[in-house]
Amino acid sequence: MASAACGSKAADSIAAVSCAFDLAHYRELLEAALAGGYRFAFFDRDPQPGDLLLRHDVDLSPAAALDLAEAEHELGAAATYFLMTESVFYNLASPEGEGTMARLRELGHRVGLHAVWPRAKLDDRFDPVLAWHNPEPSYISEPVAGAANVMEPRFFSPETYRSDSNQHWRSGCPHEDLAAGRFEWLQLLTHPEIWVHPGDTMGETMLAMLDAERERRLQQLAADNIDLS
Ligand SMILES: [Zn+2]
Ligand SMILES: [Zn+2]
């Protein structure tokens with residue numbers, strides 16, 4: 001009866017949990033990690049037993065990143081947000097981009113570069129850590145000069161990594177294994193847009209994001225003195 005996304009033996013013991021990709025279940029994931037005794041860690045040292053490395057690749061929406069960041073802060077969680085300098089969807093040099101970085105740091109999170117191969121230009125806005133956007137196998141786990149690469153072998157093994165790629169957990173939602181302390185340590189990659197905007201599929205979630213985006217764009221136009229009458 002458990003959905004594929006939630007599939008695991010103990011599913012009936014947490015029957016109330018739907019494993020939805022929404023903020024409520026993201027909070028449950030964090031609570032599960034706390035119940036399992038995990039501590040929040042960063043990519044500034046080799047992972048230790050009990051570490052939970054929360055990683056967010058911000059592909060589309062700094063606003064969604066901030067919503068997730070506030071929720072984490074409320075639960076005492078800290079994460080590393082990877083932001084792009086070459087995004088089609090947002091401008092890190094805009095007031096919104098700069099404000100996002102400042103607020104993330106204020107909330108106790110770290111900021112790394114979500115880089116586009118082969119450019120790994122980390123300026124002083126970033127901690128020395130990088131995650132490649134849409135990486136190819138040929139370089140995904142190669143060391144990077146002057147920065148930690150989140151997919152280099154010390155940070156990655158199939159047993160200690162989970163990702164919500166395109167709104168799908170390849171190995172099941174990790175909340176039960178976190179609550180039971182079954183991971184020695186874990187790198188948990190989640191994309192804020194997926195959790196902040198509603199939708200049962202990635203397609204629906206993206207359409208919901210675009211609806212929200214339209215409102216935001218209208219406000220930006222008004223702020224830019226565009227006559228919308
Ligand atoms: Zn779950
Ligand atoms: Zn990406």
# chains A, B, ... in the order shown; residues from 1 in each chain; ligands from 1
$ closest_atom_pairs --of "chain A" --to "ligand 2" --cutoff "12 Å" --atoms "only C-alpha atoms and all ligand atoms" --output "tab-separated table"
residue	atom	partner	partner_atom_place_in_ligand_line	distance
A:Arg55	CA	ligand 2	1 (Zn)	11.3
A:His56	CA	ligand 2	1 (Zn)	9.0
A:Asp57	CA	ligand 2	1 (Zn)	5.4
A:Val58	CA	ligand 2	1 (Zn)	6.5
A:Asp59	CA	ligand 2	1 (Zn)	4.8
A:Leu60	CA	ligand 2	1 (Zn)	8.4
A:Ser61	CA	ligand 2	1 (Zn)	11.3
A:Tyr81	CA	ligand 2	1 (Zn)	11.2
A:Phe82	CA	ligand 2	1 (Zn)	8.5
A:Leu83	CA	ligand 2	1 (Zn)	8.8
A:Met84	CA	ligand 2	1 (Zn)	8.3
A:Thr85	CA	ligand 2	1 (Zn)	11.7
A:Glu86	CA	ligand 2	1 (Zn)	11.0
A:Ser87	CA	ligand 2	1 (Zn)	9.4
A:Val88	CA	ligand 2	1 (Zn)	11.5
A:Phe89	CA	ligand 2	1 (Zn)	11.6
A:Leu113	CA	ligand 2	1 (Zn)	10.3
A:His114	CA	ligand 2	1 (Zn)	6.6
A:Ala115	CA	ligand 2	1 (Zn)	8.2
A:Val116	CA	ligand 2	1 (Zn)	8.7
A:Trp117	CA	ligand 2	1 (Zn)	11.3
A:Leu130	CA	ligand 2	1 (Zn)	11.2
A:Ala131	CA	ligand 2	1 (Zn)	8.0
A:Trp132	CA	ligand 2	1 (Zn)	6.9
A:His133	CA	ligand 2	1 (Zn)	3.8
A:Asn134	CA	ligand 2	1 (Zn)	5.5
A:Pro135	CA	ligand 2	1 (Zn)	8.4
A:Glu136	CA	ligand 2	1 (Zn)	12.0
A:Ser163	CA	ligand 2	1 (Zn)	11.8
A:Asp164	CA	ligand 2	1 (Zn)	11.8
A:Ser165	CA	ligand 2	1 (Zn)	9.7
A:Asn166	CA	ligand 2	1 (Zn)	10.9
A:Leu189	CA	ligand 2	1 (Zn)	10.5
A:Thr190	CA	ligand 2	1 (Zn)	10.3
A:His191	CA	ligand 2	1 (Zn)	8.4
A:Pro192	CA	ligand 2	1 (Zn)	11.1
A:Glu193	CA	ligand 2	1 (Zn)	11.5
$ closest_atom_pairs --of "chain A" --to "ligand 1" --cutoff "7 Å" --atoms "only C-alpha atoms and all ligand atoms" --output "tab-separated table"
residue	atom	partner	partner_atom_place_in_ligand_line	distance
A:Cys6	CA	ligand 1	1 (Zn)	5.4
A:Val17	CA	ligand 1	1 (Zn)	6.6
A:Ser18	CA	ligand 1	1 (Zn)	6.6
A:Cys19	CA	ligand 1	1 (Zn)	3.7
A:His25	CA	ligand 1	1 (Zn)	6.7
A:Leu29	CA	ligand 1	1 (Zn)	6.6
A:Cys173	CA	ligand 1	1 (Zn)	4.5
A:Pro174	CA	ligand 1	1 (Zn)	6.0
A:His175	CA	ligand 1	1 (Zn)	4.7
A:Glu176	CA	ligand 1	1 (Zn)	6.8
$ write_last_selection --atoms "C-alpha atoms" --output "compact mmCIF listing (two decimals), in the first residue's frame"
# COMPACT_ATOMS: atom_id res chain seq x y z
CA CYS A 6 7.84 5.87 0.39
CA VAL A 17 3.19 10.21 6.53
CA SER A 18 2.51 10.66 2.83
CA CYS A 19 6.04 11.34 1.59
CA HIS A 25 7.11 16.50 4.67
CA LEU A 29 12.40 14.59 7.08
CA CYS A 173 12.18 8.60 0.60
CA PRO A 174 14.84 8.50 3.33
CA HIS A 175 12.72 9.61 6.29
CA GLU A 176 12.36 6.18 7.86
$ select_by_dssp --residues "stretch 103-229 of chain A" --states "alpha helix (DSSP H)" --output "PyMOL selection string"
chain A and resi 103-106+175-179+192-196+202-223
$ atom_distance --atom1 "atom CA of A:Thr201" --atom2 "atom CA of A:Trp169"
12.4 Å
$ residues_around --residues "A:Ala69" --least-positions-apart "6" --cutoff "12 Å" --atoms "only C-alpha atoms" --output "PyMOL selection string"
chain A and resi 23+26-27+54-56+58+62-63+75-81+100-111+190-193+195-196
$ write_last_selection --atoms "C-alpha atoms" --output "PDB file, in the first residue's frame"
ATOM      1  CA  LEU A  23       7.223  21.711   3.078  1.00  0.00           C
ATOM      2  CA  TYR A  26      10.415  18.309   4.339  1.00  0.00           C
ATOM      3  CA  ARG A  27       9.993  19.283   7.986  1.00  0.00           C
ATOM      4  CA  LEU A  54      21.941  18.944   3.629  1.00  0.00           C
ATOM      5  CA  ARG A  55      22.654  20.075   0.075  1.00  0.00           C
ATOM      6  CA  HIS A  56      20.387  22.227  -2.063  1.00  0.00           C
ATOM      7  CA  VAL A  58      19.209  26.079  -6.565  1.00  0.00           C
ATOM      8  CA  PRO A  62      16.061  31.849  -5.059  1.00  0.00           C
ATOM      9  CA  ALA A  63      12.646  32.628  -3.523  1.00  0.00           C
ATOM     10  CA  LEU A  75      14.029  23.420  13.254  1.00  0.00           C
ATOM     11  CA  GLY A  76      17.651  24.207  14.047  1.00  0.00           C
ATOM     12  CA  ALA A  77      18.912  22.741  10.770  1.00  0.00           C
ATOM     13  CA  ALA A  78      21.720  24.143   8.643  1.00  0.00           C
ATOM     14  CA  ALA A  79      22.359  23.396   4.987  1.00  0.00           C
ATOM     15  CA  THR A  80      24.634  24.294   2.093  1.00  0.00           C
ATOM     16  CA  TYR A  81      22.882  26.138  -0.747  1.00  0.00           C
ATOM     17  CA  THR A 100      19.050  35.788  -0.968  1.00  0.00           C
ATOM     18  CA  MET A 101      22.727  35.169  -0.257  1.00  0.00           C
ATOM     19  CA  ALA A 102      22.709  37.543   2.705  1.00  0.00           C
ATOM     20  CA  ARG A 103      19.589  36.008   4.235  1.00  0.00           C
ATOM     21  CA  LEU A 104      20.879  32.447   3.764  1.00  0.00           C
ATOM     22  CA  ARG A 105      24.002  33.328   5.720  1.00  0.00           C
ATOM     23  CA  GLU A 106      21.991  35.170   8.372  1.00  0.00           C
ATOM     24  CA  LEU A 107      20.032  31.945   8.913  1.00  0.00           C
ATOM     25  CA  GLY A 108      23.250  30.000   9.490  1.00  0.00           C
ATOM     26  CA  HIS A 109      23.434  28.278   6.116  1.00  0.00           C
ATOM     27  CA  ARG A 110      26.449  28.103   3.828  1.00  0.00           C
ATOM     28  CA  VAL A 111      26.626  29.101   0.193  1.00  0.00           C
ATOM     29  CA  THR A 190      17.050  18.377  -2.470  1.00  0.00           C
ATOM     30  CA  HIS A 191      15.896  21.053  -4.898  1.00  0.00           C
ATOM     31  CA  PRO A 192      13.902  23.810  -3.131  1.00  0.00           C
ATOM     32  CA  GLU A 193      11.448  24.395  -5.994  1.00  0.00           C
ATOM     33  CA  TRP A 195       9.216  21.234  -2.028  1.00  0.00           C
ATOM     34  CA  VAL A 196       7.873  24.777  -2.075  1.00  0.00           C
TER      35      VAL A 196
END
$ atom_distance --atom1 "atom CA of A:Pro47" --atom2 "atom CA of A:Gly172"
22.2 Å
$ closest_residue --among "A:Pro198, A:Pro128, A:Pro137, A:Gly112" --to "A:Ala64" --atoms "only C-alpha atoms"
A:Pro198
$ residues_around --residues "A:Leu53" --least-positions-apart "2" --cutoff "7 Å" --atoms "only C-alpha atoms" --output "number ranges by chain"
A: 40-42, 51, 55, 79, 186-188
$ write_last_selection --atoms "C-alpha atoms" --output "tab-separated table (two decimals), in the first residue's frame"
chain	number	residue	atom	x	y	z
A	40	PHE	CA	23.94	18.91	10.53
A	41	ALA	CA	27.31	19.17	8.84
A	42	PHE	CA	28.94	20.98	5.94
A	51	ASP	CA	26.67	13.62	9.90
A	55	ARG	CA	22.65	20.08	0.07
A	79	ALA	CA	22.36	23.40	4.99
A	186	LEU	CA	24.13	11.01	4.57
A	187	GLN	CA	24.43	13.62	1.83
A	188	LEU	CA	20.82	14.61	1.13
$ closest_residue --among "A:Leu92, A:Met209, A:Ala223, A:Ile194" --to "A:Ala20" --atoms "only C-alpha atoms"
A:Ile194
